[in-house]
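Colleague: Let me begin by handing over the structure; questions about it come next.
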Amino acid sequence: MSRGALIVFEGCDKSGKTTQCNKLVKSLTDYGAPTELMKFPDRTTAIGKLIDEYLSNKTEVEDHAIHLLFSANRWESVKRMQKLLDSGTTLIIDRYAFSGVAFTAAKQGFDIDWCKQPDVGLPRPDAVFYLNLGMEAASKRQSYGEERYEKLEFQTKVAKNFQLLADPSYWKTIDADKTVDDLHKELYNLTKTVIEEVKNQPIKTLWT
Ligand code: Z5A
Ligand code: MG
């Protein structure tokens, strides 16, 4: 039986990741392709609840410790991800290890290599769609919210870190400064191609 594809959405704040993930899952499902949506952080688990309290500034967690918790929050989903992919379900994932590295490495005293280590060996995406949106266009969409990290200077560092993680063998930068529907059409077509390309290939592992 052919496997499903592992598609990850990354990108700067307000670039439209969640909007596009939701639309893509609906279109693929309507088309008849078994598809599931996942989102990291997954705030529903015990670890995810700690992360949620941290992001909403209800608690403080030491920077290394929160980095490891974000990673643990992905590892706790791996068995389920593998089972779904093996059974032919395509996974559309809203943020993944690339966000983990890009955000922590934007903090003082962290380097990219250290930040990557806890996520080494996770299932590697077949494609990362990086939604690229300039800070000016992003600021017109919605003002920054109350959550930790939602500040312009920090987000600029994060965007630079994403560029350091862009492996061209599976990373595709998409211009996100277009209408929701135009962007959706482009992503839908790209996703169908990826599903076809990888269906008989083994799942790779990240950063090994
Ligand atoms: N984080 C971390 O530190 N470590 C990790 O390992 C992981 C994450 C996984 C929570 O993420 C924080 O956790 C995040 C990274 C950190 N911190 N920050 N910043 P989150 O995923 O929960 O963040 P979010 O609240 O969903 O925001 P977002 O992802 O930045 O937004 P988005 O999903 O890219 O955009 P959107 O919600 O789809 O759209 C934003 C607005 O623009 C909304 O009003 C839309 O209606 C509008 N929109 C969308 N598309 C368009 C177009 N095409 N045109 C015009 N307007 C549009
Ligand atoms: Mg989002």
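Labeling convention for the structure tokens: chains A, B, ... as they appear, residues from 1 per chain, ligands from 1 in order of appearance.
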Which protein, DNA or RNA residues have an atom within 8 Å of ligand 2, counting only C-alpha atoms and all ligand atoms, as an mmCIF file with C-alpha atoms, in the first residue's frame?

Modeller:
```cif
data_model
loop_
_atom_site.group_PDB
_atom_site.id
_atom_site.type_symbol
_atom_site.label_atom_id
_atom_site.label_comp_id
_atom_site.auth_asym_id
_atom_site.auth_seq_id
_atom_site.Cartn_x
_atom_site.Cartn_y
_atom_site.Cartn_z
ATOM 1 C CA ASP A 13 4.098 35.349 11.966
ATOM 2 C CA LYS A 14 0.732 35.974 10.264
ATOM 3 C CA GLY A 16 -1.263 32.499 6.739
ATOM 4 C CA LYS A 17 -0.077 29.037 7.770
ATOM 5 C CA THR A 18 -3.134 28.071 9.793
ATOM 6 C CA THR A 19 -5.542 29.470 7.167
ATOM 7 C CA ASP A 94 1.161 23.565 11.024
ATOM 8 C CA ARG A 95 4.721 24.343 12.327
#
```

Colleague: I'd like the contact shell of Asn57 (chain A) - 12 Å cut-off, only C-alpha atoms, skipping same-chain residues fewer than 6 positions apart - returned as an NGL selection string.

Modeller: :A and (50-51 or 145-150)

Colleague: Take the residues just selected and output them with N, CA and C atoms as a PDB file, in the first residue's frame.

Modeller:
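This is the output file part.pdb:
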```
ATOM      1  N   LEU A  50       1.694  22.813  29.424  1.00  0.00           N
ATOM      2  CA  LEU A  50       2.802  23.615  29.992  1.00  0.00           C
ATOM      3  C   LEU A  50       3.265  24.658  28.979  1.00  0.00           C
ATOM      4  N   ILE A  51       3.370  24.224  27.720  1.00  0.00           N
ATOM      5  CA  ILE A  51       3.815  25.143  26.653  1.00  0.00           C
ATOM      6  C   ILE A  51       2.800  26.276  26.482  1.00  0.00           C
ATOM      7  N   GLY A 145      -0.248  39.960  18.841  1.00  0.00           N
ATOM      8  CA  GLY A 145      -1.103  39.639  19.979  1.00  0.00           C
ATOM      9  C   GLY A 145      -0.356  39.734  21.294  1.00  0.00           C
ATOM     10  N   GLU A 146      -0.883  39.044  22.257  1.00  0.00           N
ATOM     11  CA  GLU A 146      -0.367  39.126  23.625  1.00  0.00           C
ATOM     12  C   GLU A 146       0.693  38.059  23.904  1.00  0.00           C
ATOM     13  N   GLU A 147       0.860  37.108  22.973  1.00  0.00           N
ATOM     14  CA  GLU A 147       1.730  35.977  23.290  1.00  0.00           C
ATOM     15  C   GLU A 147       3.204  36.351  23.242  1.00  0.00           C
ATOM     16  N   ARG A 148       3.972  35.620  24.012  1.00  0.00           N
ATOM     17  CA  ARG A 148       5.426  35.722  24.000  1.00  0.00           C
ATOM     18  C   ARG A 148       5.918  35.627  22.555  1.00  0.00           C
ATOM     19  N   TYR A 149       6.966  36.216  22.190  1.00  0.00           N
ATOM     20  CA  TYR A 149       7.605  36.173  20.858  1.00  0.00           C
ATOM     21  C   TYR A 149       6.928  37.073  19.819  1.00  0.00           C
ATOM     22  N   GLU A 150       5.744  37.614  20.106  1.00  0.00           N
ATOM     23  CA  GLU A 150       5.050  38.390  19.076  1.00  0.00           C
ATOM     24  C   GLU A 150       5.548  39.835  19.084  1.00  0.00           C
TER      25      GLU A 150
END
```

Colleague: Between A:Val78, A:Ile174, A:Ala102, A:Cys115, which one has atoms that come closest to Ala65 (chain A), using only C-alpha atoms?

Modeller: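 The answer is A:Cys115, which sits nearest to Ala65 (chain A).
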
Colleague: Name the residues in contact with Lys107 (chain A) at a cut-off of 12 Å, using only C-alpha atoms, excluding same-chain residues fewer than 2 positions from it; report them as number ranges by chain.

Modeller: A: 62-64, 67, 100-105, 109-112, 115, 149, 153-158, 161

Colleague: For CA of Leu164 (chain A) and CA of Thr90 (chain A), quote the distance in Å rounded to one decimal.

Modeller: 26.8 Å

Colleague: For the atom pair atom 16 (C, counted along the ligand's line) of ligand 1 and CA of Asp113 (chain A), what is the interatomic distance in Å to one decimal place?

Modeller: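 That distance, rounded to one decimal, is 18.2 Å.
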
Colleague: Hey, what does DSSP flag as strand (DSSP E or B) within region 9-109 of chain A? Can you give it to me as number ranges by chain?

Modeller: A: 9-11, 35-39, 90-94

Colleague: Please dump the current selection as a CSV table (one decimal), in the first residue's frame; keep C-alpha atoms.

Modeller:
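Output (result-v1.csv):
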```csv
chain,number,residue,atom,x,y,z
A,9,PHE,CA,4.0,24.6,6.8
A,10,GLU,CA,6.4,27.1,8.3
A,11,GLY,CA,6.8,30.8,8.0
A,35,THR,CA,-5.7,13.6,5.1
A,36,GLU,CA,-5.2,14.8,8.7
A,37,LEU,CA,-4.2,18.1,10.2
A,38,MET,CA,-1.7,18.4,13.0
A,39,LYS,CA,-0.4,21.4,14.7
A,90,THR,CA,-1.3,12.5,4.3
A,91,LEU,CA,-0.4,14.7,7.2
A,92,ILE,CA,-0.6,18.5,6.9
A,93,ILE,CA,1.4,20.0,9.8
A,94,ASP,CA,1.2,23.6,11.0
```

Colleague: Counting only C-alpha atoms, which of A:Ser27, A:Ser77, A:Gln117, A:Ser15 gets nearest to Trp207 (chain A)?

Modeller: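 Smallest distance to Trp207 (chain A) is found for A:Gln117.
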